[in-house]
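Peer 1: Before I ask anything, let me first share the structure, which is written out below as structure tokens.
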Amino acid sequence: MISNEVKQRLISIVGLENYDDSKAGRLVYSYDATPQFQSLPDAVIAPRNTKEVSEIVKICNEHRIPIVPRGSGTNLCAGTCPTEGGLVLIFKHMNNILEIDEENLTVTVQPGVITLDLIKAVEAKGLFYPPDPSSMKISTIGGSINENSGGLRGLKYGVTRDYVMALEVVLANGDIIRTGGKLAKDVAGYDLTRLFVGSEGTLGIITEATLKLIPMPETKKTMLALYQDLEAAARSVSQIIANKIIPTTLEFLDQPTLEVVEAYAQIGLPTDVKAVLLIEQDGPSEVVERDIKKMEEICKKEQAVSVKVAQSEAEADALRTARRSALSALARLKPTTILEDATVPRSEIAKMVKAINEVAEKYNVKICTFGHAGDGNLHPTCPTDARDREEIERVEKAFEEIFAKAIELGGTITGEHGVGIMKAPYLEWKLGREGIAAMKAIKNALDPNNIMNPGKVFAKSTRKRVVITR
Amino acid sequence: MTTAKERKVMQQQFKERMNEDELMNCMRCGFCLPACPTYIESGFQETHSPRGRIALMKAVVDGLIEPDEDVERTLNMCLGCRACEPVCPSGVNYGHLLEEARDIIQQNKKYSLPVRMLRKAVFGGLFPHSHRMRTITGLISFYQRSGLQRIVRNTGLLNLLPAQLKEMEKVLPKVPTLKEMKHRPEHLPAQGETKRRVAFFSGCLMDTMFMETNDATMKLLQLAGCEIVIPPAQTCCGALHGHSGEKSQAKELAKRNIEAFEGLNVDYIITNAGGCGAFLMEYDHLLKDDPAWGERAKAFTEKIKDISVILVELNFHKKGLKLPSQVVTYQDSCHLRNVMKTSAAPRILLQSIEGVEFREMKDADRCCGSAGIYNIVEPEMSMQILDYKMEQVKETKATTIVTANPGCLLQMKLGIEREGLSAHVRAVHIVELLLEAAEASGFTVNQQWQMPEHIRKTS
Ligand SMILES: Cc1cc2nc3c(=O)[nH]c(=O)nc-3n(C[C@H](O)[C@H](O)[C@H](O)COP(=O)(O)OP(=O)(O)OC[C@H]3O[C@@H](n4cnc5c(N)ncnc54)[C@H](O)[C@@H]3O)c2cc1C
Ligand code: SF4
Ligand code: SF4
């Protein structure tokens, strides 16, 4: 609860119009894109600059009021669901691109900038910001940094982490710190920049970020390989990489996913094959030509039934857009859509696909799979109905088994969607007790009163590890 | 203000009537946010976004929140433009959810006596009755022609009206007289070879206030090779009712229209107003709980086509139309684009005219803020949206703004007035420009609709 006195102090910082504790105003910040989580905050606050953020945080720290920093709420781990109430802090005023530095190849932004807007702005200057989560047309840079988001171009270009050079952060005590810089090299002390990337709003509030840019690749080619055998598709992925080709994009979609995506996008995707790989390469045209040709050969050797190269950028873009809509389009099938984020080493992708299908059969649940196959990052997705408790239980069991399998294959429980509340009970499976203890020590040191996005990442209790019996 | 008891009743009806599967279908991905004009213009307020509105409706159903003033406020603030639908990968049918929620709220609302009377008069007593629509329009006609308009404008009487209506008064089209409106054609032959037999949905406002637009539409259809049937038993489409929470009346109108157009043996039913066409096209949804009407409604909706689509189908754009050199831009009608999925045909037609330099404005697909009666009930937001629109128009340097719906047309005219551009910028309905081009290129209808001699003389 926020007392009237605290409320007045907060209003005096941000102004009346930027503090909302109406029922409707709070309700629309009670959820994010994660199904089955909803909880009302006590108020929603929209600071206009870093100084205001710092003042707000000081008051919250003094009164032990939880703060949930929120971008566009598209995360899939209940990371912005205010389960402990408190303040939801939004960045609708802090959404400017501050500088595009063409000499140092950097861009400096406020956290509320929409990722796609940033990409477009730098591309207008012939520069390239590769991390492109499928949600980029609405997700923010602040959110992407805090989830360390990946995207379709991750295989070759890496994820958000690889592009964050410097941050301005408001700590839980209200201190404002700056980490990193526009520097190619910097070993002055701990790498705090990296610490804050992927910290899910639990360590501090990012109020400014300087991101690395690279020159735009000269050309780009896109192709689609069709398979009647899931594992053949997965094998192609490993083979491409084993042949020392690193394509920009190597995405996997299975048949049920293709069907719904085609229903939405209507671009003539094949729906009569078991799986497709969406493959892209960029760079100098000779390299692109050579790699595309080689990959075509590999796919055919691995029993692709056909391989089609997109004839125009418009066609290629339609394919990418279709792939990006996969998750939301799957949401058409059933009222509730639960998706997972298991990730394994690339070499294990075929085994993982096989295991997912076996688990689906075992628990009699429908699982559609798509994902960043080249990153070993799959999104097994289950269309279900939250009202059907019995089925939901089976779905949960199935996913637990998928997590366990991923770890067994040397993988992780989440590749890019973060831990939040969703995966918190499973974190220990990946990190071990000691790993959790080390992370908690960092959290306690930076946020001793546990006001920064409390309840996330660290679970009250760990799920018992399922034992896979086969 | 609603009382606690009223809110309870409403909440119960939300539970009973809202389509829960459709509500749950929203996975809260937020992909619709960048397309929503009210989200953008409110400075990114989630309460004024599609995702937020759906969440609020669902929360009322779930009992998490009462249907209080704030909930009603955000639903009122929605333009109903449905720009959130084509961008939604989950296929959430937001328009239907909104319609149902508004209906529940309206039906339970205790309006003050004058408002109640006005609503009753307008929705029940005016739009469904073509003769009354004519009478009202006739009064406006008298006002415009008798010199009264000049007097009123000169005396400053208009200053008594709210700013919004005052500006509206200026942009009303020159409306036909009562007599002109009473004598409408029921059948027209095609010019030359008959390529299609179509029915024309003439609409209530369109056949009165915008009669010239209707006449132009029919001439174009004739020129394109259509034989036209205009069944006199047809009535208002019911869109205004449906969007304002008067659903049961909308259903009655739907049934009358379905009956009126049944058995005409036509290829299509042609509309020239995106707002009407979209509503007609969804009669099957409107009557979904009425099994006796299911098939009939479906047969009806499958025939609905916008004028621009049939013109392209009949190669009207290959006729070699010419106009004096001018820059033209096109403002999408939201419902034509988002519900009738028609956005290419009008552009193809405009681009085909020699002399026309077609310049696409930025965000042409974003609502202009007219949205039925939105510009009257939510003037502030409506004008903010319009101002943004006019900025984009000015960027193109267009001298002709083309629209495809009467509401949009008035709104664009209002925009032109507000920007003080009326000296060199005009707004027209697409059929008017096409007819202008056809006539300038030497195409005229031989057997056009002629008002009986004695009526023309006296009017
Ligand atoms: C349809 C769909 C597709 C997606 N595709 C991808 C994908 O391809 N790859 C991928 O990696 N993810 C994907 N996601 C997940 C999600 O969109 C990304 O994680 C995204 O970057 C989150 O951005 P956001 O602005 O919505 O952040 P939010 O969801 O609002 O927040 C995410 C986290 O960041 C914290 N946070 C936000 N801003 C700040 C700040 N300024 N300071 C401190 N903490 C902050 C929040 O507390 C929260 O923990 C997808 C989600 C959806 C719904
Ligand atoms: S309406 Fe559609 S696009 Fe908007 S949040 Fe819901 S699912 Fe996403
Ligand atoms: S109908 Fe238009 S105004 Fe209403 S929520 Fe959808 S996009 Fe926004």
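Labeling convention for the structure tokens: chains A, B, ... as they appear, residues from 1 per chain, ligands from 1 in order of appearance.
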Hey, list the chain A side of the contact with chain B: 8 Å cut-off, only C-alpha atoms, answer as a list in words.

Peer 2: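 Taking only C-alpha atoms into account, Ser22, Lys23, Ala24, Gly25, Leu27, Val28, Tyr29, Asp32, Ala33, Thr34, Pro35, Ser72, Gly73, Thr74, Lys92, Ser135, Lys137, Ile138, Tyr264, Ser325, Ser328, Ala329, Leu330, Ala331, Arg332, Lys334, Pro335, Thr336 and Thr337 of chain A sit within 8 Å of chain B.
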
Peer 1: Taking only C-alpha atoms and all ligand atoms into account, list the residues no farther than 6 Å from ligand 1, as a ChimeraX atom specification.

Peer 2: /A:33,68-76,79-80,111,133-135,139-140,142-144,146-147,149-151,200-201,204-207,327-328,416-417 /B:29

Peer 1: Which residues are near ligand 3 in this structure, taking near to mean any atom at most 6 Å from a ligand atom and counting only C-alpha atoms and all ligand atoms? Format them as a PyMOL selection string.

Peer 2: chain B and resi 35-38+49-50+78-84

Peer 1: Generate a file of the selected residues that holds C-alpha atoms, formatted as a PDB file, in the first residue's frame.

Peer 2:
ATOM      1  CA  ALA B  35      -1.517   0.863 -34.978  1.00  0.00           C
ATOM      2  CA  CYS B  36      -3.905   2.427 -32.473  1.00  0.00           C
ATOM      3  CA  PRO B  37      -4.492   6.159 -32.949  1.00  0.00           C
ATOM      4  CA  THR B  38      -5.838   6.725 -29.453  1.00  0.00           C
ATOM      5  CA  SER B  49      -4.826   0.927 -26.321  1.00  0.00           C
ATOM      6  CA  PRO B  50      -6.532  -2.146 -27.780  1.00  0.00           C
ATOM      7  CA  CYS B  78     -12.016   4.146 -28.799  1.00  0.00           C
ATOM      8  CA  LEU B  79     -12.588   5.223 -32.387  1.00  0.00           C
ATOM      9  CA  GLY B  80     -13.845   1.818 -33.395  1.00  0.00           C
ATOM     10  CA  CYS B  81     -11.545   2.176 -36.405  1.00  0.00           C
ATOM     11  CA  ARG B  82     -10.434  -1.439 -36.050  1.00  0.00           C
ATOM     12  CA  ALA B  83      -6.896  -0.711 -37.139  1.00  0.00           C
ATOM     13  CA  CYS B  84      -5.940  -3.108 -34.365  1.00  0.00           C
TER      14      CYS B  84
END

Peer 1: Report, in Å to a single decimal, how far apart CA of Tyr227 in chain A and CA of Glu262 in chain A are.

Peer 2: 16.6 Å

Peer 1: Nearest residue to ligand 2 out of A:Val287, A:Tyr31, A:Phe458, A:Ile413, using only C-alpha atoms and all ligand atoms?

Peer 2: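 Ranked by minimum distance to ligand 2, first place goes to A:Tyr31.
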
Peer 1: With distances taken over only C-alpha atoms, which residue among B:Asn338, B:Thr235, B:Gln106, B:Ser325 lies nearest Ser248 in chain B?

Peer 2: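 Nearest candidate to Ser248 in chain B out of B:Asn338, B:Thr235, B:Gln106, B:Ser325: B:Gln106.
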